[in-house]
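S.K.: Dropping the structure in here first, questions after.
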Amino acid sequence: MARQVPSLNNAKSEQGNGAEKQIPDETSHIEVQHRTLAVAALGGQLTLVNQSSIVQYILRPALDRVHGPATHKEAVEGRKPRTHMMPADRPPPCCIRSTSMHRVRLLRALVAQKRGLLSSSATLLLLSFVSCPVYATFNLDVVAAKAQKMATESFQEPRPVPDWLTHITYDQWRDIRFRSDRALWRDGRTPFQVQFFHPGLYYNRTVAVNVVDDDGVRPVDFSPNDFDYGRNDFASRIPQNLGFAGLRIHTPIKTPTYFDELIVFLGASYFRSVGRNEVFGLSARALAIDTAQPSGEEFPFFREFWLVKPKPWATDVAIYATLDSPSLTGAYRFIVHPGGETTVDVEARLFFRRQVQKLGIAPLTSMFFHGEGSPRAAEDFRPEVHDSDGLLLHFVQGEWFWRPLTNPRTLQVSTFKMLSPKGFGLLQRDRNFAQYQDLETHAERRPSAWIKPRSNWTSGAVELVEIPTKSDTNDNIVAFWVPEKPPAVGDPTVVRYSIAWFGDDAQQPPGGRAIATRRDRGNKADAYRFVIDFAGGALETIAENTVLRGAVSVASGGDAADILDQQVVKNPFTGGWRLTFQIHPKTSDPIELRAYLDQNNTALTETWSYLLIQ
């Protein structure tokens, strides 16, 4: 289905102060191919030598200098080395390349060092002549310099896409497919491939794309011949230098032989990813500006990408980008680690042209149409329709906080103040097909997304924006971090965080969690009844005859509502426990409720939160 984004979206950004270690640059690793080689060696004899042992022996001083004495083994074995000993974005002294000439040089150095003919310093000098990839000097500093220069210039819209292309139908645009045999890096020398999106329909801007590899930096040219236009009859009208709307990166994450879609960058600053067993659902954005403000929202967009070609043994891929808008520019680096849970490390440097009212950091955008705890907005055969069903917060004090999502009648903005947050995210907790009954969208396999700060996010708040929608084609949910003090013009801002895309994680939170929220009018006059199922953690091991307490409170104040009754019982169908209570409102204003399960003054679950709009 087509997914449109309403005019309102959220975001706000937090300025990092660099207190934590930086995300290491993808090009700042000494890269060693771990492979067994047959080589001619000592005394004219043919000896089977493991290349890793050669590199380990010769490069030990260099690896100790870069990674610390305890980490050279990880580098040799092809695992991602710990890089806290190296300042971010500083290129390594050299990257080892596995050509036959380099292997011979390494072997000769090994023989000479074994015979005492070559000192460690001389070995390092020899290694300095081993060819280094050109992209060893390409890093976030390069992109940031470009973005900072852009910020000193007036904002310019990109060259527009021909107007007629923006008026094609969704089916016409979807029928334009990139030819997989034209994919970038399809030569098999890297475990990643790149395909591209065609402009048109909602995508009325093009983005420049570059490749960074051993030969340098070069643009990826657009050609209509790279696309199959299907049943469309307008292929001959496409400009030869039109440009791309976006890109997607593929890698085998389910089976070794098929290149699955891993991450997609398409539209403004939107991107989305999946883990091994998920299908695409909610999206992230690079930044959000003035979301839900009376002045209207500003949507920054990616203007240019740089794709760093991974080595054949690489386990991650690096993407750089410049961000642009009337208010600011930005330089971004995304390091994508695919797997059962795909993680994207993000570092951004922001440069302001003018002051923004609300800056949204690490925004997540999702869809919630209806669920078990909300009335259906229209007739629908599906019991539930959503890509995410709740917002989860992790406070620095250790508390976990869960807010179920709603499809409100009017725009609803909730603010959760947090000091140095440990994380937040939009989660899809309902994982049973019976809860959705949708064979097309497979909502039960939509990923959750979790934001974890990697720099010092001090005072601020997570803001949740819920927008009314009458269709499941609209992304109407946004959550983001808003710093208490917005950055000033002329004050470059650094932001670092990671996004984990996953199906389910029993450790988030580690204790009991709210798995279902239901509401009706109860059995008392003018009352509301809430039924919350908790499961997970130690709840399933607690005997049925144990007495648990439901700690229910009216967070908006006792003058807002009375709590009429409550009970906690074992739920044999979930293995967890069910909390039921009723409230009688004493005001027409929104009422915020909170609850958790308690045993002997020990909290067993996260804190459930709900905003009742009458």
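We label chains A, B, ... in the order they appear in the structure tokens, count residues from 1 in each chain, and number ligands from 1 in the order shown.
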Tell me, as a list in words, which residues lie within 8 Å of region 415-421 of chain A, counting only C-alpha atoms; anything in the same chain fewer than 2 positions away does not count.
M.R.: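 Using only C-alpha atoms, the neighbours found are His394, Phe395, Val396, Val413, Gly423, Phe424, Pro453, Asn456, Trp457, Thr458, Ser459, Gly460, Ala461, Val462, Glu463 and Leu464 of chain A.
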S.K.: Print the selection's residues with N, CA and C atoms to a file, as a PDB file, in the first residue's frame.
M.R.:
```pdb
ATOM      1  N   HIS A 394      13.210   4.374  28.784  1.00  0.00           N
ATOM      2  CA  HIS A 394      14.085   3.840  29.830  1.00  0.00           C
ATOM      3  C   HIS A 394      14.804   5.011  30.479  1.00  0.00           C
ATOM      4  N   PHE A 395      14.459   5.285  31.736  1.00  0.00           N
ATOM      5  CA  PHE A 395      15.012   6.421  32.452  1.00  0.00           C
ATOM      6  C   PHE A 395      16.365   6.067  33.066  1.00  0.00           C
ATOM      7  N   VAL A 396      17.177   7.091  33.309  1.00  0.00           N
ATOM      8  CA  VAL A 396      18.516   6.868  33.849  1.00  0.00           C
ATOM      9  C   VAL A 396      18.455   6.238  35.238  1.00  0.00           C
ATOM     10  N   VAL A 413      -0.282  15.731  21.767  1.00  0.00           N
ATOM     11  CA  VAL A 413       1.162  15.813  21.991  1.00  0.00           C
ATOM     12  C   VAL A 413       1.442  15.536  23.462  1.00  0.00           C
ATOM     13  N   GLY A 423      17.342   5.346  26.832  1.00  0.00           N
ATOM     14  CA  GLY A 423      16.826   4.912  25.541  1.00  0.00           C
ATOM     15  C   GLY A 423      15.334   5.129  25.435  1.00  0.00           C
ATOM     16  N   PHE A 424      14.845   5.100  24.206  1.00  0.00           N
ATOM     17  CA  PHE A 424      13.413   5.147  23.935  1.00  0.00           C
ATOM     18  C   PHE A 424      13.159   4.520  22.576  1.00  0.00           C
ATOM     19  N   PRO A 453      21.165   6.576  23.118  1.00  0.00           N
ATOM     20  CA  PRO A 453      22.146   7.668  22.992  1.00  0.00           C
ATOM     21  C   PRO A 453      23.570   7.146  23.127  1.00  0.00           C
ATOM     22  N   ASN A 456      26.292  12.478  25.360  1.00  0.00           N
ATOM     23  CA  ASN A 456      25.613  12.947  26.559  1.00  0.00           C
ATOM     24  C   ASN A 456      24.360  13.744  26.204  1.00  0.00           C
ATOM     25  N   TRP A 457      23.209  13.095  26.227  1.00  0.00           N
ATOM     26  CA  TRP A 457      21.932  13.792  26.081  1.00  0.00           C
ATOM     27  C   TRP A 457      21.510  14.199  27.496  1.00  0.00           C
ATOM     28  N   THR A 458      21.626  15.461  27.813  1.00  0.00           N
ATOM     29  CA  THR A 458      21.388  15.901  29.184  1.00  0.00           C
ATOM     30  C   THR A 458      19.903  16.164  29.406  1.00  0.00           C
ATOM     31  N   SER A 459      19.547  17.379  29.798  1.00  0.00           N
ATOM     32  CA  SER A 459      18.148  17.683  30.103  1.00  0.00           C
ATOM     33  C   SER A 459      17.333  17.813  28.825  1.00  0.00           C
ATOM     34  N   GLY A 460      16.141  17.258  28.863  1.00  0.00           N
ATOM     35  CA  GLY A 460      15.267  17.332  27.713  1.00  0.00           C
ATOM     36  C   GLY A 460      14.047  16.468  27.929  1.00  0.00           C
ATOM     37  N   ALA A 461      13.417  16.074  26.840  1.00  0.00           N
ATOM     38  CA  ALA A 461      12.191  15.280  26.935  1.00  0.00           C
ATOM     39  C   ALA A 461      11.997  14.477  25.668  1.00  0.00           C
ATOM     40  N   VAL A 462      11.346  13.333  25.815  1.00  0.00           N
ATOM     41  CA  VAL A 462      10.837  12.596  24.658  1.00  0.00           C
ATOM     42  C   VAL A 462       9.426  13.109  24.390  1.00  0.00           C
ATOM     43  N   GLU A 463       9.179  13.456  23.151  1.00  0.00           N
ATOM     44  CA  GLU A 463       7.859  13.958  22.783  1.00  0.00           C
ATOM     45  C   GLU A 463       7.169  12.938  21.878  1.00  0.00           C
ATOM     46  N   LEU A 464       5.922  12.661  22.181  1.00  0.00           N
ATOM     47  CA  LEU A 464       5.106  11.745  21.387  1.00  0.00           C
ATOM     48  C   LEU A 464       3.991  12.543  20.735  1.00  0.00           C
TER      49      LEU A 464
END
```
S.K.: Would you kindly return, as JSON, numbers by chain, each protein, DNA or RNA residue with an atom no farther than 9 Å from any atom of region 544-548 of chain A, considering only C-alpha atoms and excluding same-chain residues fewer than 3 positions away?
M.R.: {"A": [567, 568, 569, 570, 571, 572, 577, 597, 598, 599, 600]}
S.K.: Identify all residues of region 207-446 of chain A in strand (DSSP E or B) (DSSP on the backbone) and supply them as number ranges by chain.
M.R.: A: 207-213, 216-219, 227-228, 244, 246-251, 260-266, 270-273, 283-285, 287-289, 298, 301-308, 317-324, 328-337, 342-352, 359-366, 368-370, 385-386, 390-394, 400-404, 412-419, 423-427
S.K.: Mind giving me the straight-line distance from CA of Arg578 (chain A) to CA of Val531 (chain A) in Å, one decimal?
M.R.: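 CA of Arg578 (chain A) sits 6.9 Å away from CA of Val531 (chain A).
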S.K.: Please list as a PDB file with N, CA, C and O atoms, in the first residue's frame every residue within 8 Å of region 274-291 of chain A, counting only C-alpha atoms and excluding residues in the same chain fewer than 2 positions away.
M.R.:
```pdb
ATOM      1  N   LEU A   8       1.927  16.997   9.666  1.00  0.00           N
ATOM      2  CA  LEU A   8       2.526  17.081  10.989  1.00  0.00           C
ATOM      3  C   LEU A   8       3.423  15.882  11.211  1.00  0.00           C
ATOM      4  O   LEU A   8       3.066  14.765  10.943  1.00  0.00           O
ATOM      5  N   ASN A   9       4.619  16.139  11.751  1.00  0.00           N
ATOM      6  CA  ASN A   9       5.517  15.069  12.152  1.00  0.00           C
ATOM      7  C   ASN A   9       6.361  15.588  13.282  1.00  0.00           C
ATOM      8  O   ASN A   9       6.456  16.780  13.482  1.00  0.00           O
ATOM      9  N   ASN A  10       7.057  14.687  13.991  1.00  0.00           N
ATOM     10  CA  ASN A  10       7.699  15.185  15.168  1.00  0.00           C
ATOM     11  C   ASN A  10       9.182  15.205  15.031  1.00  0.00           C
ATOM     12  O   ASN A  10       9.747  14.571  14.207  1.00  0.00           O
ATOM     13  N   ALA A  11       9.806  15.962  15.942  1.00  0.00           N
ATOM     14  CA  ALA A  11      11.220  15.859  16.068  1.00  0.00           C
ATOM     15  C   ALA A  11      11.782  16.911  16.951  1.00  0.00           C
ATOM     16  O   ALA A  11      11.290  18.010  17.023  1.00  0.00           O
ATOM     17  N   LYS A  12      12.866  16.578  17.570  1.00  0.00           N
ATOM     18  CA  LYS A  12      13.629  17.582  18.270  1.00  0.00           C
ATOM     19  C   LYS A  12      14.970  16.989  18.584  1.00  0.00           C
ATOM     20  O   LYS A  12      15.086  15.830  18.834  1.00  0.00           O
ATOM     21  N   SER A  13      16.018  17.781  18.576  1.00  0.00           N
ATOM     22  CA  SER A  13      17.334  17.209  18.641  1.00  0.00           C
ATOM     23  C   SER A  13      18.109  17.626  19.858  1.00  0.00           C
ATOM     24  O   SER A  13      17.914  18.698  20.379  1.00  0.00           O
ATOM     25  N   ILE A 253      20.879 -11.830   4.821  1.00  0.00           N
ATOM     26  CA  ILE A 253      20.665 -11.926   6.267  1.00  0.00           C
ATOM     27  C   ILE A 253      19.780 -13.111   6.632  1.00  0.00           C
ATOM     28  O   ILE A 253      19.707 -13.487   7.793  1.00  0.00           O
ATOM     29  N   LYS A 254      19.085 -13.696   5.654  1.00  0.00           N
ATOM     30  CA  LYS A 254      18.244 -14.874   5.913  1.00  0.00           C
ATOM     31  C   LYS A 254      18.928 -16.146   5.439  1.00  0.00           C
ATOM     32  O   LYS A 254      18.970 -17.146   6.146  1.00  0.00           O
ATOM     33  N   LEU A 262      18.064  -4.599   3.182  1.00  0.00           N
ATOM     34  CA  LEU A 262      18.532  -4.366   4.545  1.00  0.00           C
ATOM     35  C   LEU A 262      18.115  -2.997   5.069  1.00  0.00           C
ATOM     36  O   LEU A 262      17.559  -2.877   6.162  1.00  0.00           O
ATOM     37  N   ILE A 263      18.377  -1.952   4.305  1.00  0.00           N
ATOM     38  CA  ILE A 263      18.056  -0.596   4.727  1.00  0.00           C
ATOM     39  C   ILE A 263      17.711   0.232   3.496  1.00  0.00           C
ATOM     40  O   ILE A 263      18.303   0.044   2.431  1.00  0.00           O
ATOM     41  N   SER A 269      14.317  12.879   4.663  1.00  0.00           N
ATOM     42  CA  SER A 269      15.432  12.262   5.388  1.00  0.00           C
ATOM     43  C   SER A 269      15.014  10.934   6.006  1.00  0.00           C
ATOM     44  O   SER A 269      15.580  10.491   6.997  1.00  0.00           O
ATOM     45  N   TYR A 270      14.026  10.282   5.409  1.00  0.00           N
ATOM     46  CA  TYR A 270      13.507   9.016   5.940  1.00  0.00           C
ATOM     47  C   TYR A 270      14.437   7.850   5.596  1.00  0.00           C
ATOM     48  O   TYR A 270      15.000   7.771   4.506  1.00  0.00           O
ATOM     49  N   PHE A 271      14.549   6.928   6.553  1.00  0.00           N
ATOM     50  CA  PHE A 271      15.210   5.652   6.295  1.00  0.00           C
ATOM     51  C   PHE A 271      14.591   4.604   7.203  1.00  0.00           C
ATOM     52  O   PHE A 271      14.043   4.913   8.263  1.00  0.00           O
ATOM     53  N   ARG A 272      14.653   3.347   6.784  1.00  0.00           N
ATOM     54  CA  ARG A 272      14.085   2.263   7.582  1.00  0.00           C
ATOM     55  C   ARG A 272      14.869   0.988   7.328  1.00  0.00           C
ATOM     56  O   ARG A 272      15.484   0.812   6.271  1.00  0.00           O
ATOM     57  N   GLN A 293       4.196  22.396  15.509  1.00  0.00           N
ATOM     58  CA  GLN A 293       4.243  23.809  15.862  1.00  0.00           C
ATOM     59  C   GLN A 293       3.227  24.591  15.012  1.00  0.00           C
ATOM     60  O   GLN A 293       2.961  24.223  13.861  1.00  0.00           O
ATOM     61  N   SER A 295       3.620  27.227  13.455  1.00  0.00           N
ATOM     62  CA  SER A 295       4.278  27.760  12.258  1.00  0.00           C
ATOM     63  C   SER A 295       4.358  26.752  11.133  1.00  0.00           C
ATOM     64  O   SER A 295       4.641  27.106   9.984  1.00  0.00           O
ATOM     65  N   GLY A 296       4.114  25.479  11.440  1.00  0.00           N
ATOM     66  CA  GLY A 296       4.220  24.427  10.431  1.00  0.00           C
ATOM     67  C   GLY A 296       5.569  23.742  10.495  1.00  0.00           C
ATOM     68  O   GLY A 296       6.573  24.319  10.932  1.00  0.00           O
ATOM     69  N   GLU A 297       5.588  22.491  10.050  1.00  0.00           N
ATOM     70  CA  GLU A 297       6.808  21.682  10.133  1.00  0.00           C
ATOM     71  C   GLU A 297       7.690  21.886   8.919  1.00  0.00           C
ATOM     72  O   GLU A 297       7.219  22.070   7.798  1.00  0.00           O
ATOM     73  N   GLU A 298       8.976  21.856   9.156  1.00  0.00           N
ATOM     74  CA  GLU A 298       9.974  21.921   8.089  1.00  0.00           C
ATOM     75  C   GLU A 298      10.606  20.544   7.944  1.00  0.00           C
ATOM     76  O   GLU A 298      11.031  19.946   8.939  1.00  0.00           O
ATOM     77  N   PHE A 299      10.678  20.050   6.722  1.00  0.00           N
ATOM     78  CA  PHE A 299      11.209  18.716   6.472  1.00  0.00           C
ATOM     79  C   PHE A 299      12.594  18.803   5.832  1.00  0.00           C
ATOM     80  O   PHE A 299      12.714  19.076   4.637  1.00  0.00           O
ATOM     81  N   PRO A 300      13.675  18.588   6.600  1.00  0.00           N
ATOM     82  CA  PRO A 300      15.003  18.498   5.982  1.00  0.00           C
ATOM     83  C   PRO A 300      15.061  17.307   5.033  1.00  0.00           C
ATOM     84  O   PRO A 300      14.272  16.361   5.152  1.00  0.00           O
ATOM     85  N   PRO A 338      24.170  -5.517   9.939  1.00  0.00           N
ATOM     86  CA  PRO A 338      23.018  -6.409   9.722  1.00  0.00           C
ATOM     87  C   PRO A 338      23.078  -7.645  10.591  1.00  0.00           C
ATOM     88  O   PRO A 338      24.142  -8.055  11.060  1.00  0.00           O
ATOM     89  N   GLY A 339      21.897  -8.251  10.800  1.00  0.00           N
ATOM     90  CA  GLY A 339      21.844  -9.494  11.558  1.00  0.00           C
ATOM     91  C   GLY A 339      20.445  -9.786  12.044  1.00  0.00           C
ATOM     92  O   GLY A 339      19.465  -9.211  11.561  1.00  0.00           O
ATOM     93  N   GLY A 340      20.328 -10.695  13.017  1.00  0.00           N
ATOM     94  CA  GLY A 340      19.033 -10.975  13.621  1.00  0.00           C
ATOM     95  C   GLY A 340      18.411  -9.710  14.161  1.00  0.00           C
ATOM     96  O   GLY A 340      17.207  -9.485  14.064  1.00  0.00           O
ATOM     97  N   GLU A 341      19.248  -8.862  14.743  1.00  0.00           N
ATOM     98  CA  GLU A 341      18.883  -7.496  15.111  1.00  0.00           C
ATOM     99  C   GLU A 341      19.828  -6.586  14.350  1.00  0.00           C
ATOM    100  O   GLU A 341      21.041  -6.651  14.524  1.00  0.00           O
ATOM    101  N   THR A 342      19.281  -5.755  13.474  1.00  0.00           N
ATOM    102  CA  THR A 342      20.117  -4.847  12.699  1.00  0.00           C
ATOM    103  C   THR A 342      20.283  -3.543  13.470  1.00  0.00           C
ATOM    104  O   THR A 342      19.304  -2.952  13.932  1.00  0.00           O
ATOM    105  N   VAL A 356      15.815  27.493  15.222  1.00  0.00           N
ATOM    106  CA  VAL A 356      14.595  26.693  15.080  1.00  0.00           C
ATOM    107  C   VAL A 356      13.890  26.677  16.429  1.00  0.00           C
ATOM    108  O   VAL A 356      14.515  26.732  17.489  1.00  0.00           O
ATOM    109  N   GLN A 357      12.560  26.621  16.395  1.00  0.00           N
ATOM    110  CA  GLN A 357      11.791  26.601  17.637  1.00  0.00           C
ATOM    111  C   GLN A 357      11.895  25.251  18.337  1.00  0.00           C
ATOM    112  O   GLN A 357      12.063  25.173  19.552  1.00  0.00           O
ATOM    113  N   LYS A 358      11.780  24.171  17.571  1.00  0.00           N
ATOM    114  CA  LYS A 358      11.821  22.826  18.145  1.00  0.00           C
ATOM    115  C   LYS A 358      12.676  21.936  17.255  1.00  0.00           C
ATOM    116  O   LYS A 358      12.378  21.761  16.079  1.00  0.00           O
ATOM    117  N   LEU A 359      13.727  21.392  17.843  1.00  0.00           N
ATOM    118  CA  LEU A 359      14.623  20.515  17.107  1.00  0.00           C
ATOM    119  C   LEU A 359      14.408  19.092  17.587  1.00  0.00           C
ATOM    120  O   LEU A 359      14.528  18.799  18.781  1.00  0.00           O
ATOM    121  N   GLY A 360      14.069  18.193  16.692  1.00  0.00           N
ATOM    122  CA  GLY A 360      13.778  16.810  17.047  1.00  0.00           C
ATOM    123  C   GLY A 360      14.921  15.892  16.695  1.00  0.00           C
ATOM    124  O   GLY A 360      15.290  15.757  15.533  1.00  0.00           O
ATOM    125  N   ILE A 361      15.476  15.234  17.696  1.00  0.00           N
ATOM    126  CA  ILE A 361      16.605  14.319  17.513  1.00  0.00           C
ATOM    127  C   ILE A 361      16.096  12.884  17.433  1.00  0.00           C
ATOM    128  O   ILE A 361      15.240  12.470  18.206  1.00  0.00           O
ATOM    129  N   ALA A 362      16.657  12.113  16.502  1.00  0.00           N
ATOM    130  CA  ALA A 362      16.357  10.680  16.359  1.00  0.00           C
ATOM    131  C   ALA A 362      14.861  10.411  16.257  1.00  0.00           C
ATOM    132  O   ALA A 362      14.319   9.565  16.976  1.00  0.00           O
ATOM    133  N   PRO A 363      14.152  11.096  15.361  1.00  0.00           N
ATOM    134  CA  PRO A 363      12.704  10.865  15.260  1.00  0.00           C
ATOM    135  C   PRO A 363      12.374   9.503  14.656  1.00  0.00           C
ATOM    136  O   PRO A 363      13.022   9.045  13.721  1.00  0.00           O
ATOM    137  N   LEU A 364      11.344   8.877  15.224  1.00  0.00           N
ATOM    138  CA  LEU A 364      10.777   7.642  14.698  1.00  0.00           C
ATOM    139  C   LEU A 364       9.346   7.921  14.262  1.00  0.00           C
ATOM    140  O   LEU A 364       8.602   8.594  14.974  1.00  0.00           O
ATOM    141  N   THR A 365       8.964   7.406  13.097  1.00  0.00           N
ATOM    142  CA  THR A 365       7.639   7.666  12.528  1.00  0.00           C
ATOM    143  C   THR A 365       6.944   6.345  12.246  1.00  0.00           C
ATOM    144  O   THR A 365       7.514   5.470  11.612  1.00  0.00           O
ATOM    145  N   SER A 366       5.693   6.214  12.717  1.00  0.00           N
ATOM    146  CA  SER A 366       4.993   4.949  12.566  1.00  0.00           C
ATOM    147  C   SER A 366       3.515   5.192  12.282  1.00  0.00           C
ATOM    148  O   SER A 366       3.071   6.335  12.136  1.00  0.00           O
ATOM    149  N   MET A 367       2.746   4.095  12.222  1.00  0.00           N
ATOM    150  CA  MET A 367       1.308   4.154  11.940  1.00  0.00           C
ATOM    151  C   MET A 367       0.553   3.379  13.004  1.00  0.00           C
ATOM    152  O   MET A 367       0.908   2.252  13.342  1.00  0.00           O
ATOM    153  N   ASP A 387       1.605  -0.424  12.901  1.00  0.00           N
ATOM    154  CA  ASP A 387       3.006  -0.814  12.749  1.00  0.00           C
ATOM    155  C   ASP A 387       3.731  -0.806  14.085  1.00  0.00           C
ATOM    156  O   ASP A 387       4.781  -1.436  14.234  1.00  0.00           O
ATOM    157  N   SER A 388       3.213  -0.048  15.034  1.00  0.00           N
ATOM    158  CA  SER A 388       3.746  -0.001  16.396  1.00  0.00           C
ATOM    159  C   SER A 388       2.552   0.141  17.330  1.00  0.00           C
ATOM    160  O   SER A 388       1.546   0.753  16.968  1.00  0.00           O
ATOM    161  N   HIS A 442       1.359  -8.353   7.004  1.00  0.00           N
ATOM    162  CA  HIS A 442       2.082  -9.097   8.045  1.00  0.00           C
ATOM    163  C   HIS A 442       2.538  -8.159   9.168  1.00  0.00           C
ATOM    164  O   HIS A 442       3.726  -8.066   9.498  1.00  0.00           O
ATOM    165  N   ALA A 443       1.563  -7.475   9.766  1.00  0.00           N
ATOM    166  CA  ALA A 443       1.877  -6.535  10.842  1.00  0.00           C
ATOM    167  C   ALA A 443       2.541  -7.213  12.025  1.00  0.00           C
ATOM    168  O   ALA A 443       3.274  -6.563  12.784  1.00  0.00           O
ATOM    169  N   ARG A 445       4.946  -9.020  11.972  1.00  0.00           N
ATOM    170  CA  ARG A 445       6.382  -9.102  11.719  1.00  0.00           C
ATOM    171  C   ARG A 445       7.016  -7.724  11.519  1.00  0.00           C
ATOM    172  O   ARG A 445       8.180  -7.616  11.116  1.00  0.00           O
ATOM    173  N   ARG A 446       6.262  -6.672  11.805  1.00  0.00           N
ATOM    174  CA  ARG A 446       6.828  -5.329  11.708  1.00  0.00           C
ATOM    175  C   ARG A 446       7.893  -5.143  12.799  1.00  0.00           C
ATOM    176  O   ARG A 446       7.718  -5.595  13.933  1.00  0.00           O
ATOM    177  N   PRO A 447       8.996  -4.458  12.483  1.00  0.00           N
ATOM    178  CA  PRO A 447      10.055  -4.324  13.489  1.00  0.00           C
ATOM    179  C   PRO A 447       9.733  -3.275  14.543  1.00  0.00           C
ATOM    180  O   PRO A 447       8.949  -2.342  14.319  1.00  0.00           O
ATOM    181  N   SER A 448      10.331  -3.427  15.690  1.00  0.00           N
ATOM    182  CA  SER A 448      10.421  -2.368  16.684  1.00  0.00           C
ATOM    183  C   SER A 448      11.714  -1.603  16.434  1.00  0.00           C
ATOM    184  O   SER A 448      12.646  -2.127  15.816  1.00  0.00           O
ATOM    185  N   ALA A 449      11.783  -0.365  16.912  1.00  0.00           N
ATOM    186  CA  ALA A 449      13.003   0.445  16.764  1.00  0.00           C
ATOM    187  C   ALA A 449      13.342   1.080  18.104  1.00  0.00           C
ATOM    188  O   ALA A 449      12.480   1.687  18.740  1.00  0.00           O
ATOM    189  N   TRP A 501      16.881  -2.332  15.185  1.00  0.00           N
ATOM    190  CA  TRP A 501      15.651  -2.788  14.540  1.00  0.00           C
ATOM    191  C   TRP A 501      15.521  -4.277  14.836  1.00  0.00           C
ATOM    192  O   TRP A 501      16.386  -5.069  14.464  1.00  0.00           O
ATOM    193  N   PHE A 502      14.428  -4.668  15.497  1.00  0.00           N
ATOM    194  CA  PHE A 502      14.337  -6.053  15.967  1.00  0.00           C
ATOM    195  C   PHE A 502      12.870  -6.474  16.053  1.00  0.00           C
ATOM    196  O   PHE A 502      11.954  -5.649  15.992  1.00  0.00           O
ATOM    197  N   GLY A 503      12.648  -7.773  16.227  1.00  0.00           N
ATOM    198  CA  GLY A 503      11.303  -8.304  16.346  1.00  0.00           C
ATOM    199  C   GLY A 503      10.794  -8.284  17.769  1.00  0.00           C
ATOM    200  O   GLY A 503       9.771  -7.694  18.073  1.00  0.00           O
TER     201      GLY A 503
END
```
S.K.: Name the closest residue to Lys309 (chain A) among the candidates A:Pro375, A:Pro199, A:Gly558, A:Gly188; distances are taken between atoms, counting only C-alpha atoms.
M.R.: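 Looking only at the distances to Lys309 (chain A), the closest residue turns out to be A:Gly188.
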S.K.: Expressed in Å to a single decimal, how great is the separation between CA of Gly425 (chain A) and CA of Arg496 (chain A)?
M.R.: 15.7 Å
S.K.: If you measure from CA of Leu579 (chain A) to CA of Gly550 (chain A), what distance in Å do you get, rounded to one decimal?
M.R.: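 CA of Gly550 (chain A) lies at a distance of 6.5 Å from CA of Leu579 (chain A).
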S.K.: Between A:Pro326, A:Ala321, A:Val264, A:Gly536, which one has atoms that come closest to Gln507 (chain A), using only C-alpha atoms?
M.R.: A:Gly536
S.K.: Which residues come within 8 Å of Phe368 (chain A), counting only C-alpha atoms, excluding same-chain residues fewer than 4 positions away, as JSON, numbers by chain?
M.R.: {"A": [385, 386, 387, 388, 389, 405, 406, 407, 472, 475, 476, 477]}
S.K.: Can you pull out every residue within 9 Å of Glu540 (chain A), counting only C-alpha atoms, but drop anything in the same chain fewer than 2 positions away, and send it as a ChimeraX atom specification?
M.R.: /A:535-538,542-543,574-577
S.K.: Just the residues within 8 Å of Leu184 (chain A), please, counting only C-alpha atoms, with nothing from its chain fewer than 4 positions along; format it as a PDB file with N, CA, C and O atoms, in the first residue's frame.
M.R.:
```pdb
ATOM      1  N   GLN A 193      25.169  -5.106  -1.803  1.00  0.00           N
ATOM      2  CA  GLN A 193      24.822  -4.557  -3.108  1.00  0.00           C
ATOM      3  C   GLN A 193      23.892  -3.365  -2.912  1.00  0.00           C
ATOM      4  O   GLN A 193      23.215  -3.256  -1.879  1.00  0.00           O
ATOM      5  N   VAL A 194      23.851  -2.478  -3.905  1.00  0.00           N
ATOM      6  CA  VAL A 194      23.032  -1.276  -3.810  1.00  0.00           C
ATOM      7  C   VAL A 194      22.142  -1.173  -5.047  1.00  0.00           C
ATOM      8  O   VAL A 194      22.617  -1.334  -6.184  1.00  0.00           O
ATOM      9  N   GLN A 195      20.844  -0.919  -4.808  1.00  0.00           N
ATOM     10  CA  GLN A 195      19.907  -0.624  -5.871  1.00  0.00           C
ATOM     11  C   GLN A 195      19.300   0.757  -5.624  1.00  0.00           C
ATOM     12  O   GLN A 195      19.424   1.306  -4.522  1.00  0.00           O
TER      13      GLN A 195
END
```
S.K.: I'd like the neighbourhood of Arg303 (chain A) as a list in words, where a residue qualifies if any of its atoms comes within 7 Å (using only C-alpha atoms), though same-chain residues fewer than 5 positions away should be ignored.
M.R.: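 Residues meeting the cut-off are Val207, Ala208, Thr322, Leu323 and Asp324 of chain A.
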S.K.: Pick the closest to Pro383 (chain A) from A:Ser498, A:Asn523, A:Gln156, A:Asn432: which is it, counting only C-alpha atoms?
M.R.: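 Closest candidate: A:Asn432.
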